[in-house]
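J.: File follows, structure10.pdb with PDB, C-alpha atoms, pLDDT in the B column:
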ATOM      1  CA  MET B   1     102.793 110.951  87.947  1.00 49.00           C
ATOM      2  CA  LEU B   2      99.473 109.655  86.632  1.00 47.00           C
ATOM      3  CA  ARG B   3     101.211 106.398  85.703  1.00 53.00           C
ATOM      4  CA  SER B   4     102.461 106.244  89.252  1.00 57.00           C
ATOM      5  CA  LEU B   5      98.918 106.772  90.530  1.00 60.00           C
ATOM      6  CA  ALA B   6      97.717 103.932  88.309  1.00 55.00           C
ATOM      7  CA  VAL B   7     100.351 101.686  89.921  1.00 56.00           C
ATOM      8  CA  ILE B   8      99.137 102.769  93.351  1.00 61.00           C
ATOM      9  CA  VAL B   9      95.541 101.999  92.433  1.00 59.00           C
ATOM     10  CA  ALA B  10      96.608  98.551  91.218  1.00 59.00           C
ATOM     11  CA  LEU B  11      98.495  97.979  94.474  1.00 60.00           C
ATOM     12  CA  SER B  12      95.411  98.989  96.425  1.00 61.00           C
ATOM     13  CA  VAL B  13      93.239  96.512  94.582  1.00 59.00           C
ATOM     14  CA  SER B  14      95.723  93.669  94.947  1.00 56.00           C
ATOM     15  CA  SER B  15      96.470  94.206  98.627  1.00 58.00           C
ATOM     16  CA  VAL B  16      93.430  95.851 100.201  1.00 54.00           C
ATOM     17  CA  TRP B  17      91.405  92.673 100.539  1.00 47.00           C
ATOM     18  CA  MET B  18      94.167  91.084 102.562  1.00 46.00           C
ATOM     19  CA  THR B  19      93.433  93.682 105.249  1.00 46.00           C
ATOM     20  CA  ALA B  20      89.717  93.032 105.518  1.00 44.00           C
ATOM     21  CA  GLY B  21      88.199  93.072 108.973  1.00 49.00           C
ATOM     22  CA  ALA B  22      84.960  91.742 110.452  1.00 44.00           C
ATOM     23  CA  SER B  23      83.069  91.417 107.158  1.00 60.00           C
ATOM     24  CA  ALA B  24      85.905  89.720 105.270  1.00 73.00           C
ATOM     25  CA  GLY B  25      83.657  87.419 103.231  1.00 87.00           C
ATOM     26  CA  GLU B  26      81.386  90.202 102.054  1.00 92.00           C
ATOM     27  CA  PHE B  27      84.385  92.407 101.320  1.00 92.00           C
ATOM     28  CA  GLU B  28      86.182  89.672  99.373  1.00 91.00           C
ATOM     29  CA  ASP B  29      83.028  89.069  97.330  1.00 94.00           C
ATOM     30  CA  ALA B  30      82.891  92.781  96.448  1.00 94.00           C
ATOM     31  CA  VAL B  31      86.587  92.793  95.478  1.00 92.00           C
ATOM     32  CA  VAL B  32      86.044  89.720  93.284  1.00 93.00           C
ATOM     33  CA  ALA B  33      83.113  91.517  91.621  1.00 95.00           C
ATOM     34  CA  TYR B  34      85.311  94.598  91.120  1.00 94.00           C
ATOM     35  CA  GLN B  35      88.114  92.518  89.608  1.00 92.00           C
ATOM     36  CA  ALA B  36      85.592  90.887  87.251  1.00 95.00           C
ATOM     37  CA  SER B  37      84.511  94.415  86.185  1.00 96.00           C
ATOM     38  CA  ASP B  38      81.082  93.803  87.724  1.00 98.00           C
ATOM     39  CA  TYR B  39      80.931  97.340  89.053  1.00 98.00           C
ATOM     40  CA  ALA B  40      77.138  97.204  89.356  1.00 98.00           C
ATOM     41  CA  ALA B  41      77.615  94.591  92.103  1.00 98.00           C
ATOM     42  CA  ALA B  42      80.851  95.950  93.597  1.00 97.00           C
ATOM     43  CA  TYR B  43      79.810  99.580  94.049  1.00 98.00           C
ATOM     44  CA  PRO B  44      76.706  99.106  96.229  1.00 97.00           C
ATOM     45  CA  ALA B  45      78.491  96.465  98.302  1.00 96.00           C
ATOM     46  CA  PHE B  46      81.441  98.776  98.922  1.00 96.00           C
ATOM     47  CA  MET B  47      79.064 101.667  99.633  1.00 97.00           C
ATOM     48  CA  ASP B  48      77.137  99.637 102.224  1.00 95.00           C
ATOM     49  CA  MET B  49      80.349  98.582 103.975  1.00 94.00           C
ATOM     50  CA  ALA B  50      81.790 102.101 103.780  1.00 95.00           C
ATOM     51  CA  SER B  51      78.606 103.434 105.390  1.00 93.00           C
ATOM     52  CA  ALA B  52      79.426 101.167 108.331  1.00 91.00           C
ATOM     53  CA  GLY B  53      82.992 102.537 108.445  1.00 91.00           C
ATOM     54  CA  HIS B  54      84.875  99.726 106.646  1.00 93.00           C
ATOM     55  CA  SER B  55      88.179 101.295 105.578  1.00 93.00           C
ATOM     56  CA  GLY B  56      88.887  98.686 102.897  1.00 92.00           C
ATOM     57  CA  ALA B  57      85.553  99.480 101.247  1.00 95.00           C
ATOM     58  CA  GLU B  58      86.290 103.208 101.518  1.00 96.00           C
ATOM     59  CA  THR B  59      89.630 102.616  99.813  1.00 95.00           C
ATOM     60  CA  MET B  60      87.984 100.652  97.028  1.00 95.00           C
ATOM     61  CA  LEU B  61      85.424 103.419  96.491  1.00 97.00           C
ATOM     62  CA  GLY B  62      88.379 105.777  96.106  1.00 96.00           C
ATOM     63  CA  VAL B  63      89.861 103.406  93.532  1.00 94.00           C
ATOM     64  CA  MET B  64      86.567 103.264  91.628  1.00 96.00           C
ATOM     65  CA  TYR B  65      86.149 107.047  91.579  1.00 97.00           C
ATOM     66  CA  PHE B  66      89.779 107.575  90.613  1.00 95.00           C
ATOM     67  CA  GLY B  67      89.481 105.207  87.658  1.00 93.00           C
ATOM     68  CA  GLY B  68      85.898 106.008  86.704  1.00 96.00           C
ATOM     69  CA  GLN B  69      84.946 102.359  87.107  1.00 95.00           C
ATOM     70  CA  GLY B  70      81.202 101.962  87.536  1.00 96.00           C
ATOM     71  CA  VAL B  71      80.965 105.638  88.492  1.00 98.00           C
ATOM     72  CA  GLU B  72      81.802 108.891  86.793  1.00 98.00           C
ATOM     73  CA  ARG B  73      85.511 109.584  87.220  1.00 97.00           C
ATOM     74  CA  ASN B  74      85.928 112.118  90.009  1.00 98.00           C
ATOM     75  CA  GLU B  75      89.367 112.698  91.528  1.00 97.00           C
ATOM     76  CA  SER B  76      87.928 114.798  94.353  1.00 98.00           C
ATOM     77  CA  PHE B  77      85.522 112.016  95.390  1.00 98.00           C
ATOM     78  CA  ALA B  78      88.435 109.572  95.185  1.00 97.00           C
ATOM     79  CA  ALA B  79      90.436 111.817  97.506  1.00 97.00           C
ATOM     80  CA  ILE B  80      87.542 112.007  99.973  1.00 98.00           C
ATOM     81  CA  TRP B  81      87.235 108.206 100.151  1.00 97.00           C
ATOM     82  CA  PHE B  82      91.005 107.742 100.431  1.00 97.00           C
ATOM     83  CA  PHE B  83      91.054 110.326 103.231  1.00 97.00           C
ATOM     84  CA  LYS B  84      88.250 108.591 105.134  1.00 97.00           C
ATOM     85  CA  ALA B  85      90.117 105.277 104.994  1.00 96.00           C
ATOM     86  CA  SER B  86      93.445 106.972 105.781  1.00 96.00           C
ATOM     87  CA  ARG B  87      92.028 108.459 108.972  1.00 96.00           C
ATOM     88  CA  LYS B  88      91.280 104.911 110.106  1.00 95.00           C
ATOM     89  CA  GLY B  89      94.821 103.703 109.443  1.00 95.00           C
ATOM     90  CA  ASN B  90      94.489 101.904 106.113  1.00 94.00           C
ATOM     91  CA  PRO B  91      98.021 101.813 104.587  1.00 95.00           C
ATOM     92  CA  ASN B  92      96.674 101.388 101.040  1.00 94.00           C
ATOM     93  CA  ALA B  93      94.658 104.555 101.482  1.00 95.00           C
ATOM     94  CA  HIS B  94      97.685 106.314 103.021  1.00 96.00           C
ATOM     95  CA  LEU B  95      99.631 105.524  99.861  1.00 96.00           C
ATOM     96  CA  ALA B  96      96.856 106.672  97.530  1.00 95.00           C
ATOM     97  CA  PHE B  97      95.997 109.824  99.498  1.00 97.00           C
ATOM     98  CA  GLY B  98      99.631 110.823  99.856  1.00 96.00           C
ATOM     99  CA  SER B  99     100.203 110.268  96.145  1.00 95.00           C
ATOM    100  CA  LEU B 100      97.310 112.558  95.226  1.00 96.00           C
ATOM    101  CA  HIS B 101      98.991 115.374  97.167  1.00 97.00           C
ATOM    102  CA  ILE B 102     102.226 115.115  95.164  1.00 95.00           C
ATOM    103  CA  ARG B 103     100.696 116.666  92.045  1.00 92.00           C
ATOM    104  CA  GLY B 104      97.463 118.021  93.463  1.00 96.00           C
ATOM    105  CA  VAL B 105      95.139 115.441  91.927  1.00 95.00           C
ATOM    106  CA  GLY B 106      91.701 115.881  93.548  1.00 96.00           C
ATOM    107  CA  VAL B 107      93.331 117.878  96.369  1.00 97.00           C
ATOM    108  CA  LEU B 108      95.599 120.890  96.626  1.00 97.00           C
ATOM    109  CA  GLN B 109      99.209 120.047  95.921  1.00 97.00           C
ATOM    110  CA  ASN B 110     101.068 119.775  99.220  1.00 97.00           C
ATOM    111  CA  LEU B 111     104.376 117.927  99.461  1.00 97.00           C
ATOM    112  CA  SER B 112     104.383 118.036 103.260  1.00 97.00           C
ATOM    113  CA  LYS B 113     101.007 116.295 103.439  1.00 97.00           C
ATOM    114  CA  ALA B 114     102.135 113.868 100.754  1.00 97.00           C
ATOM    115  CA  TYR B 115     105.262 113.062 102.755  1.00 98.00           C
ATOM    116  CA  LYS B 116     103.276 112.520 105.963  1.00 98.00           C
ATOM    117  CA  TRP B 117     100.790 110.086 104.394  1.00 98.00           C
ATOM    118  CA  LEU B 118     103.478 108.284 102.403  1.00 97.00           C
ATOM    119  CA  LEU B 119     105.585 107.901 105.533  1.00 98.00           C
ATOM    120  CA  LEU B 120     102.589 106.312 107.272  1.00 97.00           C
ATOM    121  CA  ALA B 121     102.096 103.988 104.276  1.00 96.00           C
ATOM    122  CA  ALA B 122     105.763 102.999 104.392  1.00 97.00           C
ATOM    123  CA  GLU B 123     105.639 102.339 108.135  1.00 96.00           C
ATOM    124  CA  ARG B 124     102.247 100.622 108.306  1.00 94.00           C
ATOM    125  CA  GLY B 125     102.075  98.960 104.895  1.00 93.00           C
ATOM    126  CA  GLU B 126     103.634  95.739 103.741  1.00 92.00           C
ATOM    127  CA  GLY B 127     105.247  94.469 100.555  1.00 93.00           C
ATOM    128  CA  ALA B 128     104.529  96.459  97.433  1.00 92.00           C
ATOM    129  CA  VAL B 129     102.606  99.169  99.294  1.00 93.00           C
ATOM    130  CA  ALA B 130     105.543  99.934 101.608  1.00 95.00           C
ATOM    131  CA  SER B 131     107.995  99.668  98.718  1.00 95.00           C
ATOM    132  CA  GLU B 132     106.065 102.131  96.533  1.00 94.00           C
ATOM    133  CA  ALA B 133     105.642 104.524  99.463  1.00 96.00           C
ATOM    134  CA  ASN B 134     109.392 104.452 100.117  1.00 97.00           C
ATOM    135  CA  ARG B 135     110.123 105.066  96.424  1.00 96.00           C
ATOM    136  CA  LEU B 136     107.835 108.105  96.398  1.00 96.00           C
ATOM    137  CA  LEU B 137     109.279 109.388  99.689  1.00 97.00           C
ATOM    138  CA  THR B 138     112.728 109.343  98.145  1.00 97.00           C
ATOM    139  CA  GLU B 139     111.487 111.192  95.065  1.00 95.00           C
ATOM    140  CA  ILE B 140     109.616 113.971  96.825  1.00 96.00           C
ATOM    141  CA  GLY B 141     112.103 114.237  99.674  1.00 95.00           C
ATOM    142  CA  THR B 142     114.529 115.845  97.222  1.00 95.00           C
ATOM    143  CA  LEU B 143     111.941 118.527  96.423  1.00 96.00           C
ATOM    144  CA  MET B 144     111.418 119.539 100.045  1.00 97.00           C
ATOM    145  CA  SER B 145     113.452 121.548 102.508  1.00 96.00           C
ATOM    146  CA  ASP B 146     114.780 119.877 105.651  1.00 96.00           C
ATOM    147  CA  ALA B 147     112.288 121.913 107.681  1.00 96.00           C
ATOM    148  CA  GLN B 148     109.359 120.697 105.556  1.00 96.00           C
ATOM    149  CA  ARG B 149     110.480 117.081 105.886  1.00 96.00           C
ATOM    150  CA  GLN B 150     110.933 117.403 109.647  1.00 97.00           C
ATOM    151  CA  ARG B 151     107.444 118.911 110.036  1.00 97.00           C
ATOM    152  CA  ALA B 152     105.935 116.089 108.000  1.00 97.00           C
ATOM    153  CA  ILE B 153     107.846 113.486 110.042  1.00 97.00           C
ATOM    154  CA  ALA B 154     106.639 115.071 113.295  1.00 97.00           C
ATOM    155  CA  GLU B 155     103.031 115.057 112.033  1.00 97.00           C
ATOM    156  CA  ALA B 156     103.322 111.397 111.044  1.00 96.00           C
ATOM    157  CA  LYS B 157     104.729 110.483 114.456  1.00 97.00           C
ATOM    158  CA  ALA B 158     101.904 112.330 116.222  1.00 96.00           C
ATOM    159  CA  TRP B 159      99.197 110.832 113.982  1.00 96.00           C
ATOM    160  CA  ARG B 160      96.801 108.263 115.446  1.00 95.00           C
ATOM    161  CA  PRO B 161      94.058 106.371 113.602  1.00 93.00           C
ATOM    162  CA  ILE B 162      90.427 107.000 114.354  1.00 88.00           C
ATOM    163  CA  ILE B 163      88.769 103.736 115.351  1.00 76.00           C
ATOM    164  CA  LEU B 164      84.987 104.005 115.297  1.00 63.00           C
ATOM    165  CA  THR B 165      83.899 100.371 115.348  1.00 53.00           C
ATOM    166  CA  GLU B 166      85.366  96.898 115.078  1.00 46.00           C
ATOM    167  CA  GLU B 167      84.840  96.984 111.317  1.00 44.00           C
ATOM    168  CA  THR B 168      87.075 100.017 110.872  1.00 40.00           C
ATOM    169  CA  SER B 169      90.114  98.399 112.462  1.00 40.00           C
ATOM    170  CA  GLU B 170      91.709  96.302 109.776  1.00 42.00           C
TER     171      GLU B 170
END
Take the structure in the file and write it out as structure tokens.

T.:
Amino acid sequence: MLRSLAVIVALSVSSVWMTAGASAGEFEDAVVAYQASDYAAAYPAFMDMASAGHSGAETMLGVMYFGGQGVERNESFAAIWFFKASRKGNPNAHLAFGSLHIRGVGVLQNLSKAYKWLLLAAERGEGAVASEANRLLTEIGTLMSDAQRQRAIAEAKAWRPIILTEETSE
């Protein structure tokens, strides 16, 4: 499972900057710094953007906390940042947050919540993000009852993103 989470983190890094909103240039610069392992530059830039509600920056902070890159590794902080971005509709964050729930990494284990967030990632994500979400849905779907799956599907259908500002809609 942790290998799977590492794949998800890599997918987030490779695809999250393609979803950047109003501050795309600043966000891309921070992602480039992150990819160059210049965490001293990436972290404050992501933190500033996240403070303004930028879901891509929130996702990247989750990635940094999950991997302990430029910050002390903290799975609970990672989960918080992934949740913040998930609430705004970021499919990369949906995938990461749902994946954490499969094994209870940084959150309580909850297959129904995992299924809900992964379903949203599969529906809203593209390419590798949607593909990985679908793979995980298939895996955990076999571990759930029909009733659990149906509840998770109903929650995903009823879910709506929280849009606070222009920057949060990516």

J.: Evaluated on this file, the PyMOL selection byres ((chain B and resi 141) around 12) picks out some residues - which ones are they, written as an MDAnalysis selection string?

T.: chainID B and resid 102 111:116 118:119 133:140 142:150 152:153

J.: Output C-alpha atoms of each residue in that selection to a file, as a PDB file, in the coordinates of the input.

T.:
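New file result-v4.pdb:
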ATOM      1  CA  ILE B 102     102.226 115.115  95.164  1.00 95.00           C
ATOM      2  CA  LEU B 111     104.376 117.927  99.461  1.00 97.00           C
ATOM      3  CA  SER B 112     104.383 118.036 103.260  1.00 97.00           C
ATOM      4  CA  LYS B 113     101.007 116.295 103.439  1.00 97.00           C
ATOM      5  CA  ALA B 114     102.135 113.868 100.754  1.00 97.00           C
ATOM      6  CA  TYR B 115     105.262 113.062 102.755  1.00 98.00           C
ATOM      7  CA  LYS B 116     103.276 112.520 105.963  1.00 98.00           C
ATOM      8  CA  LEU B 118     103.478 108.284 102.403  1.00 97.00           C
ATOM      9  CA  LEU B 119     105.585 107.901 105.533  1.00 98.00           C
ATOM     10  CA  ALA B 133     105.642 104.524  99.463  1.00 96.00           C
ATOM     11  CA  ASN B 134     109.392 104.452 100.117  1.00 97.00           C
ATOM     12  CA  ARG B 135     110.123 105.066  96.424  1.00 96.00           C
ATOM     13  CA  LEU B 136     107.835 108.105  96.398  1.00 96.00           C
ATOM     14  CA  LEU B 137     109.279 109.388  99.689  1.00 97.00           C
ATOM     15  CA  THR B 138     112.728 109.343  98.145  1.00 97.00           C
ATOM     16  CA  GLU B 139     111.487 111.192  95.065  1.00 95.00           C
ATOM     17  CA  ILE B 140     109.616 113.971  96.825  1.00 96.00           C
ATOM     18  CA  THR B 142     114.529 115.845  97.222  1.00 95.00           C
ATOM     19  CA  LEU B 143     111.941 118.527  96.423  1.00 96.00           C
ATOM     20  CA  MET B 144     111.418 119.539 100.045  1.00 97.00           C
ATOM     21  CA  SER B 145     113.452 121.548 102.508  1.00 96.00           C
ATOM     22  CA  ASP B 146     114.780 119.877 105.651  1.00 96.00           C
ATOM     23  CA  ALA B 147     112.288 121.913 107.681  1.00 96.00           C
ATOM     24  CA  GLN B 148     109.359 120.697 105.556  1.00 96.00           C
ATOM     25  CA  ARG B 149     110.480 117.081 105.886  1.00 96.00           C
ATOM     26  CA  GLN B 150     110.933 117.403 109.647  1.00 97.00           C
ATOM     27  CA  ALA B 152     105.935 116.089 108.000  1.00 97.00           C
ATOM     28  CA  ILE B 153     107.846 113.486 110.042  1.00 97.00           C
TER      29      ILE B 153
END

J.: Which residue, B:Phe27, B:Phe46, B:Phe77, B:Phe97, has the smallest gap to Ala121 of chain B when you use only C-alpha atoms?

T.: B:Phe97

J.: Nearest to Met49 of chain B among B:Trp81, B:Met64, B:Glu26, B:Glu132, with distances taken over all atoms listed in the file: which residue is it?

T.: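 Closest to Met49 of chain B of all the choices is B:Glu26.
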
J.: Interatomic distance between atom CA of Pro44 of chain B and atom CA of Gly125 of chain B?

T.: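 Separating atom CA of Pro44 of chain B from atom CA of Gly125 of chain B is a distance of 26.8 Å.
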
J.: Suppose you want the space between atom CA of Val129 of chain B and atom CA of Lys84 of chain B; what is it in Å?

T.: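 If I compute the distance from atom CA of Val129 of chain B to atom CA of Lys84 of chain B, I get 18.1 Å.
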
J.: Mind giving me the straight-line distance from atom CA of Tyr65 of chain B to atom CA of Gly106 of chain B in Å, one decimal?

T.: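 Pair atom CA of Tyr65 of chain B / atom CA of Gly106 of chain B returns 10.6 Å.
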
J.: Please export segment 44-62 of chain B as a PDB file, in the first residue's frame, restricted to N, CA and C atoms.

T.:
ATOM      1  N   PRO B  44       7.500  27.728   1.052  1.00  0.00           N
ATOM      2  CA  PRO B  44       6.820  29.002   1.349  1.00  0.00           C
ATOM      3  C   PRO B  44       5.921  29.463   0.203  1.00  0.00           C
ATOM      4  N   ALA B  45       6.317  29.161  -1.026  1.00  0.00           N
ATOM      5  CA  ALA B  45       5.463  29.549  -2.160  1.00  0.00           C
ATOM      6  C   ALA B  45       4.146  28.785  -2.116  1.00  0.00           C
ATOM      7  N   PHE B  46       4.217  27.476  -1.884  1.00  0.00           N
ATOM      8  CA  PHE B  46       2.988  26.692  -1.776  1.00  0.00           C
ATOM      9  C   PHE B  46       2.152  27.155  -0.584  1.00  0.00           C
ATOM     10  N   MET B  47       2.815  27.466   0.530  1.00  0.00           N
ATOM     11  CA  MET B  47       2.092  27.900   1.724  1.00  0.00           C
ATOM     12  C   MET B  47       1.366  29.223   1.469  1.00  0.00           C
ATOM     13  N   ASP B  48       2.015  30.157   0.799  1.00  0.00           N
ATOM     14  CA  ASP B  48       1.367  31.431   0.478  1.00  0.00           C
ATOM     15  C   ASP B  48       0.135  31.211  -0.396  1.00  0.00           C
ATOM     16  N   MET B  49       0.289  30.387  -1.432  1.00  0.00           N
ATOM     17  CA  MET B  49      -0.843  30.124  -2.333  1.00  0.00           C
ATOM     18  C   MET B  49      -1.948  29.354  -1.616  1.00  0.00           C
ATOM     19  N   ALA B  50      -1.570  28.400  -0.773  1.00  0.00           N
ATOM     20  CA  ALA B  50      -2.564  27.632  -0.026  1.00  0.00           C
ATOM     21  C   ALA B  50      -3.338  28.537   0.924  1.00  0.00           C
ATOM     22  N   SER B  51      -2.658  29.521   1.496  1.00  0.00           N
ATOM     23  CA  SER B  51      -3.329  30.480   2.386  1.00  0.00           C
ATOM     24  C   SER B  51      -4.420  31.243   1.655  1.00  0.00           C
ATOM     25  N   ALA B  52      -4.236  31.400   0.343  1.00  0.00           N
ATOM     26  CA  ALA B  52      -5.229  32.088  -0.488  1.00  0.00           C
ATOM     27  C   ALA B  52      -6.261  31.107  -1.054  1.00  0.00           C
ATOM     28  N   GLY B  53      -6.141  29.813  -0.688  1.00  0.00           N
ATOM     29  CA  GLY B  53      -7.123  28.828  -1.115  1.00  0.00           C
ATOM     30  C   GLY B  53      -6.803  28.079  -2.386  1.00  0.00           C
ATOM     31  N   HIS B  54      -5.564  28.117  -2.862  1.00  0.00           N
ATOM     32  CA  HIS B  54      -5.159  27.446  -4.101  1.00  0.00           C
ATOM     33  C   HIS B  54      -5.079  25.937  -3.865  1.00  0.00           C
ATOM     34  N   SER B  55      -5.971  25.176  -4.488  1.00  0.00           N
ATOM     35  CA  SER B  55      -6.033  23.739  -4.210  1.00  0.00           C
ATOM     36  C   SER B  55      -4.819  22.972  -4.727  1.00  0.00           C
ATOM     37  N   GLY B  56      -4.205  23.433  -5.805  1.00  0.00           N
ATOM     38  CA  GLY B  56      -2.984  22.781  -6.279  1.00  0.00           C
ATOM     39  C   GLY B  56      -1.863  22.913  -5.267  1.00  0.00           C
ATOM     40  N   ALA B  57      -1.730  24.102  -4.677  1.00  0.00           N
ATOM     41  CA  ALA B  57      -0.715  24.328  -3.647  1.00  0.00           C
ATOM     42  C   ALA B  57      -1.017  23.491  -2.403  1.00  0.00           C
ATOM     43  N   GLU B  58      -2.289  23.392  -2.048  1.00  0.00           N
ATOM     44  CA  GLU B  58      -2.666  22.551  -0.900  1.00  0.00           C
ATOM     45  C   GLU B  58      -2.288  21.091  -1.166  1.00  0.00           C
ATOM     46  N   THR B  59      -2.527  20.640  -2.385  1.00  0.00           N
ATOM     47  CA  THR B  59      -2.166  19.270  -2.742  1.00  0.00           C
ATOM     48  C   THR B  59      -0.663  19.073  -2.628  1.00  0.00           C
ATOM     49  N   MET B  60       0.098  20.029  -3.131  1.00  0.00           N
ATOM     50  CA  MET B  60       1.551  19.899  -3.077  1.00  0.00           C
ATOM     51  C   MET B  60       2.078  19.945  -1.645  1.00  0.00           C
ATOM     52  N   LEU B  61       1.435  20.710  -0.771  1.00  0.00           N
ATOM     53  CA  LEU B  61       1.828  20.680   0.639  1.00  0.00           C
ATOM     54  C   LEU B  61       1.562  19.287   1.213  1.00  0.00           C
ATOM     55  N   GLY B  62       0.457  18.681   0.828  1.00  0.00           N
ATOM     56  CA  GLY B  62       0.188  17.306   1.246  1.00  0.00           C
ATOM     57  C   GLY B  62       1.273  16.355   0.771  1.00  0.00           C
TER      58      GLY B  62
END
